[in-house]
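Enquirer: The following block contains the structure, expressed as structure tokens.
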Amino acid sequence: MKPFDYQRATDADSAISLVSGDPEARYIGGGTNLVDHMKLGIAEPGKLVDITRLPYDSVESLPDGRVRIGATVRNSDLAAEPVIRQRYPVLAQALLSGASGQLRNLATTGGNLLQRTRCSYFQDVTTPCNKREPGSGCSALEGWNRHHAVLGASERCVATHPSDMAVALAALDADVLVEGPDGQRTVPVTELHRLPGDEPERDTVLRHGELVTAVELPSLPFASRSRYRKVRDRASFAFALVSVAAAVELVEGTITDVRIALGGLAHKPWRATEAERVLRGAPATEETFRAAADAELAAARTLRDNEFKVPMTRNTLASVLRELTRQEGS
Amino acid sequence: MDSEITLWVDGRRETLSVDTRTTLLDALRERLGVTSPKKGCDHGQCGACTVLLDGRRATSCLTFAVANDESEVVTAEGLAEGDEPHPVQRALLENDGFQCGYCTPGQVCSAVGMLDEVKSGWPSYVTEDLDESVELDEDEIRERMSGNLCRCGAYANIVTAIREAAE
């Protein structure tokens with residue numbers, strides 16, 4: 001591992017100036033992804049600025065009904081937070097489906113959003129990877145691509161985003177609060193992560209030195225009826241093959257409003273706007289659920305090893321919608 | 001680049017100078033001679049390095065020692081009261097909850113941390129109702145302990161031991 005300087009930030013301004021003034025500097029939160037990348041040789045920062053002691057470690061209910069989650073709130077604490085369990089169960093479940101108990105105790109909200117793909121070629125410095133080394137090629141296109149993307153991929157990169165939490169946040173229309181050398185800005189979480197296109201090395205729209213300070217959830221009352229389901233190769237402690245985050249508002253058997261995001265399918269948490277369009281105003285029937293899934297998956301392009309993701313997504317989405325609408329009716 | 005840090009390890013205060021690249025696991029094992037946390041995968045995937053860090057279970061291989069200045073670390077060695085093993089340790093002994101023993105210190109720390117989480121009412125992914133208190137059945141234990149692998153496959157008795165320790 002390359003030697004690096006370590007500094008603990010005491011306030012956001014000094015953290016931002018320490019990182020923005022040095023192209024080799026990086027923020028570090030819980031470290032569960034970055035420390036691993038440094039061991040693997042994927043990341044070689046010259047300076048780490050530790051932000052875990054900045055005052056971003058609380059979850060606040062705001063007067064307008066929104067909930068603000070500080071960027072350094074640990075994944076385990078967020079999942080256990082009563083307001084999250086009651087008002088946004090999809091988010092609690094997504095967090096609890098990710099990693100392991102000991103990793104969730106370290107991992108932060110901001111770090112979870114910014115974790116990088118677990119594509120095995122990205123993580124193996126001996127193989128070509130356009131995300132790790134732009135222009136070197138994509139080993140997954142013709143390689144072992146069972147875990148890879150079926151939506152929104154490019155010829156340069158077929159990696160998937162690994163976060164469960166971010167899928168729930170995408171369904172909830174969360175906002176990401178960012179501070180940088182040029183001031184503050186708010187980025188909808190659905191616009192934080194990019195599709196790979198010609199620049200797969202860029203996971204997000206953040207610029208060097210920008211710091212995620214919080215995530216805000218909209219009030220969204222019907223999110224109290226929401227759910228996250230994750231399908232994976234083993235029952236626990238594995239990344240998603242496919243996952244579904246959904247919230248449904250049901251009035252007398254009709255879906256009046258709905259939010260859906262899909263995980264394991266794309267370079268970013270995939271907000272299923274086509275499926276939502278089909279469902280909104282439609283009766284909560286199996287036919288509707290299947291039509292919604294088909295509408296979303298019409299654009300799917302599969303690789304040699306991941307064709308199964310299309311029917312798996314269709315079945316998982318239908319199953320989650322069935323469960324959410326049955327709950328409401330009973 | 002070196003940095004001076006202080007750690008409280010199993011009740012002892014330790015001050016040491018560490019290269020910033022040293023993980024907490026390596027500081028414990030290589031610098032302080034505290035070898036109960038084990039290096040299995042060194043990537044956070046096996047749980048053999050689990051310690052209680054400021055009271056919470058954590059993988060010591062994925063955090064730099066320098067980031068844990070002034071932290072309190074409790075390893076499996078520090079859980080006993082004198083000659084009396086911790087109830088989780090005793091339950092593992094009595095239920096044959098290990099074979100080679102390499103993953104055991106991590107299993108012990110993880111189980112102790114996990115039981116505290118249950119006491120605090122934390123749900124898991126298999127908890128049906130997020131509003132209800134948790135009943136620690138076998139599914140709950142298996143889900144909550146999934147960050148600790150046992151290559152001997154002693155899981156059945158580990159689960160039994162943890163159930164017993166929880167009572």
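All residue names refer to the structure tokens as shown: chains lettered A, B, ... in order, residues numbered from 1 in each chain, ligands numbered from 1 in order.
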So which residues touch A:Arg156 within 9 Å, counting only C-alpha atoms, skipping near sequence neighbours fewer than 5 positions away, as a list in words?
Expert: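 Neighbouring residues, sequence-local ones excluded: Cys129, Asn130, Lys131, Pro134, Gly135, Gly137, Cys138, Leu141, Pro196, Gly197, Asp198, Glu199 and Pro200 of chain A.
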Enquirer: For the selection you just gave me, I'd like the residues written to a file as a PDB file, in the first residue's frame, keeping N, CA and C atoms.
Expert:
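Ended up saving to part.pdb:
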ATOM      1  N   CYS A 129      -9.948  -3.054 -17.201  1.00  0.00           N
ATOM      2  CA  CYS A 129     -11.226  -2.530 -16.707  1.00  0.00           C
ATOM      3  C   CYS A 129     -11.278  -1.043 -17.008  1.00  0.00           C
ATOM      4  N   ASN A 130     -12.283  -0.644 -17.779  1.00  0.00           N
ATOM      5  CA  ASN A 130     -12.392   0.767 -18.151  1.00  0.00           C
ATOM      6  C   ASN A 130     -12.726   1.669 -16.969  1.00  0.00           C
ATOM      7  N   LYS A 131     -13.345   1.114 -15.967  1.00  0.00           N
ATOM      8  CA  LYS A 131     -13.697   1.924 -14.802  1.00  0.00           C
ATOM      9  C   LYS A 131     -12.444   2.215 -13.968  1.00  0.00           C
ATOM     10  N   PRO A 134      -9.233   3.789 -17.481  1.00  0.00           N
ATOM     11  CA  PRO A 134      -9.966   4.163 -18.700  1.00  0.00           C
ATOM     12  C   PRO A 134      -9.210   3.791 -19.979  1.00  0.00           C
ATOM     13  N   GLY A 135      -9.941   3.183 -20.912  1.00  0.00           N
ATOM     14  CA  GLY A 135      -9.343   2.815 -22.190  1.00  0.00           C
ATOM     15  C   GLY A 135      -8.732   1.433 -22.228  1.00  0.00           C
ATOM     16  N   GLY A 137     -10.227  -1.420 -21.611  1.00  0.00           N
ATOM     17  CA  GLY A 137     -11.161  -2.455 -22.061  1.00  0.00           C
ATOM     18  C   GLY A 137     -12.014  -2.969 -20.918  1.00  0.00           C
ATOM     19  N   CYS A 138     -13.082  -3.706 -21.295  1.00  0.00           N
ATOM     20  CA  CYS A 138     -13.980  -4.266 -20.279  1.00  0.00           C
ATOM     21  C   CYS A 138     -13.880  -5.787 -20.318  1.00  0.00           C
ATOM     22  N   LEU A 141     -17.423  -7.961 -20.445  1.00  0.00           N
ATOM     23  CA  LEU A 141     -18.265  -8.102 -21.641  1.00  0.00           C
ATOM     24  C   LEU A 141     -18.246  -9.536 -22.167  1.00  0.00           C
ATOM     25  N   PRO A 196     -22.844   4.434 -17.218  1.00  0.00           N
ATOM     26  CA  PRO A 196     -21.412   4.425 -17.550  1.00  0.00           C
ATOM     27  C   PRO A 196     -21.062   5.221 -18.807  1.00  0.00           C
ATOM     28  N   GLY A 197     -21.891   5.080 -19.865  1.00  0.00           N
ATOM     29  CA  GLY A 197     -21.599   5.795 -21.109  1.00  0.00           C
ATOM     30  C   GLY A 197     -20.150   5.639 -21.524  1.00  0.00           C
ATOM     31  N   ASP A 198     -19.537   6.765 -21.893  1.00  0.00           N
ATOM     32  CA  ASP A 198     -18.136   6.746 -22.319  1.00  0.00           C
ATOM     33  C   ASP A 198     -17.172   7.038 -21.168  1.00  0.00           C
ATOM     34  N   GLU A 199     -17.714   7.265 -19.977  1.00  0.00           N
ATOM     35  CA  GLU A 199     -16.855   7.591 -18.833  1.00  0.00           C
ATOM     36  C   GLU A 199     -17.188   6.724 -17.618  1.00  0.00           C
ATOM     37  N   PRO A 200     -17.000   5.412 -17.738  1.00  0.00           N
ATOM     38  CA  PRO A 200     -17.368   4.540 -16.616  1.00  0.00           C
ATOM     39  C   PRO A 200     -16.549   4.785 -15.366  1.00  0.00           C
TER      40      PRO A 200
END
Enquirer: Name the residues of stretch 8-158 of chain B that come out as strand (DSSP E) in a backbone DSSP run; write them as a PyMOL selection string.
Expert: chain B and resi 8-9+12-19+50-53+56-59+71-74
Enquirer: Could you save the residues just selected, with C-alpha atoms, as a PDB file, in the first residue's frame?
Expert:
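Once written, part_0.pdb looks like this:
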ATOM      1  CA  TRP B   8      -7.528   0.893  25.345  1.00  0.00           C
ATOM      2  CA  VAL B   9      -7.157  -2.819  24.685  1.00  0.00           C
ATOM      3  CA  ARG B  12      -5.055  -1.775  29.283  1.00  0.00           C
ATOM      4  CA  ARG B  13      -3.950   1.606  28.021  1.00  0.00           C
ATOM      5  CA  GLU B  14      -1.507   1.265  25.132  1.00  0.00           C
ATOM      6  CA  THR B  15       0.327   4.122  23.439  1.00  0.00           C
ATOM      7  CA  LEU B  16       2.128   3.316  20.230  1.00  0.00           C
ATOM      8  CA  SER B  17       3.453   4.856  17.076  1.00  0.00           C
ATOM      9  CA  VAL B  18       1.909   3.338  13.953  1.00  0.00           C
ATOM     10  CA  ASP B  19       2.443   3.671  10.236  1.00  0.00           C
ATOM     11  CA  THR B  50     -14.184  -9.115  14.823  1.00  0.00           C
ATOM     12  CA  VAL B  51     -13.619  -7.111  18.017  1.00  0.00           C
ATOM     13  CA  LEU B  52     -15.823  -4.861  20.120  1.00  0.00           C
ATOM     14  CA  LEU B  53     -14.845  -1.329  19.127  1.00  0.00           C
ATOM     15  CA  ARG B  56     -19.882  -2.417  19.075  1.00  0.00           C
ATOM     16  CA  ARG B  57     -18.792  -5.369  16.970  1.00  0.00           C
ATOM     17  CA  ALA B  58     -16.596  -4.367  14.050  1.00  0.00           C
ATOM     18  CA  THR B  59     -14.193  -5.943  11.569  1.00  0.00           C
ATOM     19  CA  SER B  71     -10.879   4.030  21.129  1.00  0.00           C
ATOM     20  CA  GLU B  72     -11.720   1.166  23.432  1.00  0.00           C
ATOM     21  CA  VAL B  73     -11.114  -2.299  21.982  1.00  0.00           C
ATOM     22  CA  VAL B  74     -12.312  -5.486  23.618  1.00  0.00           C
TER      23      VAL B  74
END
Enquirer: Nearest to chain B: which of A:Glu44, A:Asp50, A:Asp164, A:Asp64 is it, counting only C-alpha atoms?
Expert: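 Ranking A:Glu44, A:Asp50, A:Asp164, A:Asp64 by distance to chain B, first place goes to A:Asp50.
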Enquirer: Please list as a list in words every residue within 9 Å of A:Arg259, counting only C-alpha atoms and excluding residues in the same chain fewer than 6 positions away.
Expert: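 My reading of the contact set: Ala170, Ala171, Leu172, Asp173, Ala223, Ser226, Ala245, Ala246, Ala247, Val248, Arg271, Ala272, Thr273 and Glu276 of chain A.
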Enquirer: Write out as JSON lines the residues of chain A that have any atom within 9 Å of an atom of chain B, one row each with the nearest atom pair and its distance in Å to one decimal, counting only C-alpha atoms, sorted by chain and then rising number.
Expert:
{"residue": "A:Met1", "atom": "CA", "partner": "B:Arg21", "partner_atom": "CA", "distance": 7.1}
{"residue": "A:Lys2", "atom": "CA", "partner": "B:Arg21", "partner_atom": "CA", "distance": 8.1}
{"residue": "A:Pro3", "atom": "CA", "partner": "B:Met1", "partner_atom": "CA", "distance": 6.4}
{"residue": "A:Phe4", "atom": "CA", "partner": "B:Met1", "partner_atom": "CA", "distance": 6.6}
{"residue": "A:Asp5", "atom": "CA", "partner": "B:Met1", "partner_atom": "CA", "distance": 6.5}
{"residue": "A:Tyr6", "atom": "CA", "partner": "B:Thr20", "partner_atom": "CA", "distance": 6.7}
{"residue": "A:Gln7", "atom": "CA", "partner": "B:Ala67", "partner_atom": "CA", "distance": 8.9}
{"residue": "A:Arg8", "atom": "CA", "partner": "B:Ala67", "partner_atom": "CA", "distance": 7.9}
{"residue": "A:Gly30", "atom": "CA", "partner": "B:Thr63", "partner_atom": "CA", "distance": 7.3}
{"residue": "A:Gly31", "atom": "CA", "partner": "B:Thr63", "partner_atom": "CA", "distance": 6.1}
{"residue": "A:Thr32", "atom": "CA", "partner": "B:Leu62", "partner_atom": "CA", "distance": 5.4}
{"residue": "A:Asn33", "atom": "CA", "partner": "B:Leu62", "partner_atom": "CA", "distance": 8.0}
{"residue": "A:Leu34", "atom": "CA", "partner": "B:Leu62", "partner_atom": "CA", "distance": 8.6}
{"residue": "A:Val35", "atom": "CA", "partner": "B:Leu62", "partner_atom": "CA", "distance": 5.8}
{"residue": "A:Asp36", "atom": "CA", "partner": "B:His43", "partner_atom": "CA", "distance": 6.0}
{"residue": "A:Lys39", "atom": "CA", "partner": "B:His43", "partner_atom": "CA", "distance": 8.4}
{"residue": "A:Asp50", "atom": "CA", "partner": "B:Ala67", "partner_atom": "CA", "distance": 7.4}
{"residue": "A:Ser76", "atom": "CA", "partner": "B:Trp122", "partner_atom": "CA", "distance": 8.3}
{"residue": "A:Asp77", "atom": "CA", "partner": "B:Trp122", "partner_atom": "CA", "distance": 8.6}
{"residue": "A:Ala79", "atom": "CA", "partner": "B:Pro123", "partner_atom": "CA", "distance": 7.8}
{"residue": "A:Ala80", "atom": "CA", "partner": "B:Trp122", "partner_atom": "CA", "distance": 5.2}
{"residue": "A:Glu81", "atom": "CA", "partner": "B:Trp122", "partner_atom": "CA", "distance": 8.6}
{"residue": "A:Pro82", "atom": "CA", "partner": "B:Asp131", "partner_atom": "CA", "distance": 8.1}
{"residue": "A:Arg85", "atom": "CA", "partner": "B:Leu130", "partner_atom": "CA", "distance": 5.9}
{"residue": "A:Gln86", "atom": "CA", "partner": "B:Asp131", "partner_atom": "CA", "distance": 7.0}
{"residue": "A:Pro89", "atom": "CA", "partner": "B:Leu130", "partner_atom": "CA", "distance": 7.4}
{"residue": "A:Ala92", "atom": "CA", "partner": "B:Tyr125", "partner_atom": "CA", "distance": 8.4}
{"residue": "A:Gln93", "atom": "CA", "partner": "B:Tyr125", "partner_atom": "CA", "distance": 5.8}
{"residue": "A:Ala94", "atom": "CA", "partner": "B:Tyr125", "partner_atom": "CA", "distance": 8.0}
{"residue": "A:Leu95", "atom": "CA", "partner": "B:Tyr125", "partner_atom": "CA", "distance": 8.3}
{"residue": "A:Leu96", "atom": "CA", "partner": "B:Tyr125", "partner_atom": "CA", "distance": 5.0}
{"residue": "A:Ser97", "atom": "CA", "partner": "B:Tyr125", "partner_atom": "CA", "distance": 5.4}
{"residue": "A:Gly98", "atom": "CA", "partner": "B:Tyr125", "partner_atom": "CA", "distance": 8.8}
{"residue": "A:Ala99", "atom": "CA", "partner": "B:Gly147", "partner_atom": "CA", "distance": 7.6}
{"residue": "A:Ser100", "atom": "CA", "partner": "B:Gly147", "partner_atom": "CA", "distance": 4.8}
{"residue": "A:Gly101", "atom": "CA", "partner": "B:Arg144", "partner_atom": "CA", "distance": 6.3}
{"residue": "A:Gln102", "atom": "CA", "partner": "B:Ala58", "partner_atom": "CA", "distance": 4.3}
{"residue": "A:Leu103", "atom": "CA", "partner": "B:Ala58", "partner_atom": "CA", "distance": 6.3}
{"residue": "A:Arg104", "atom": "CA", "partner": "B:Ala58", "partner_atom": "CA", "distance": 8.4}
{"residue": "A:Asn105", "atom": "CA", "partner": "B:Ala58", "partner_atom": "CA", "distance": 6.4}
{"residue": "A:Leu106", "atom": "CA", "partner": "B:Ala58", "partner_atom": "CA", "distance": 6.7}
{"residue": "A:Ala235", "atom": "CA", "partner": "B:Glu143", "partner_atom": "CA", "distance": 8.0}
{"residue": "A:Ser236", "atom": "CA", "partner": "B:Ser146", "partner_atom": "CA", "distance": 6.1}
{"residue": "A:Phe237", "atom": "CA", "partner": "B:Ser146", "partner_atom": "CA", "distance": 6.0}
Enquirer: Quick one: pick out all helix (DSSP H, G or I) residues within stretch 64-299 of chain A from a backbone DSSP run and write them as an MDAnalysis selection string.
Expert: chainID A and resid 75:80 82:87 89:97 101:104 109:114 165:171 189:192 221:224 273:279 286:297
Enquirer: Using only C-alpha atoms, which of the listed residues (B:Leu136, B:Thr104, B:Lys119, B:Glu128) sits closest to B:Asn157?
Expert: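 The shortest atom-to-atom distance to B:Asn157 comes from B:Thr104.
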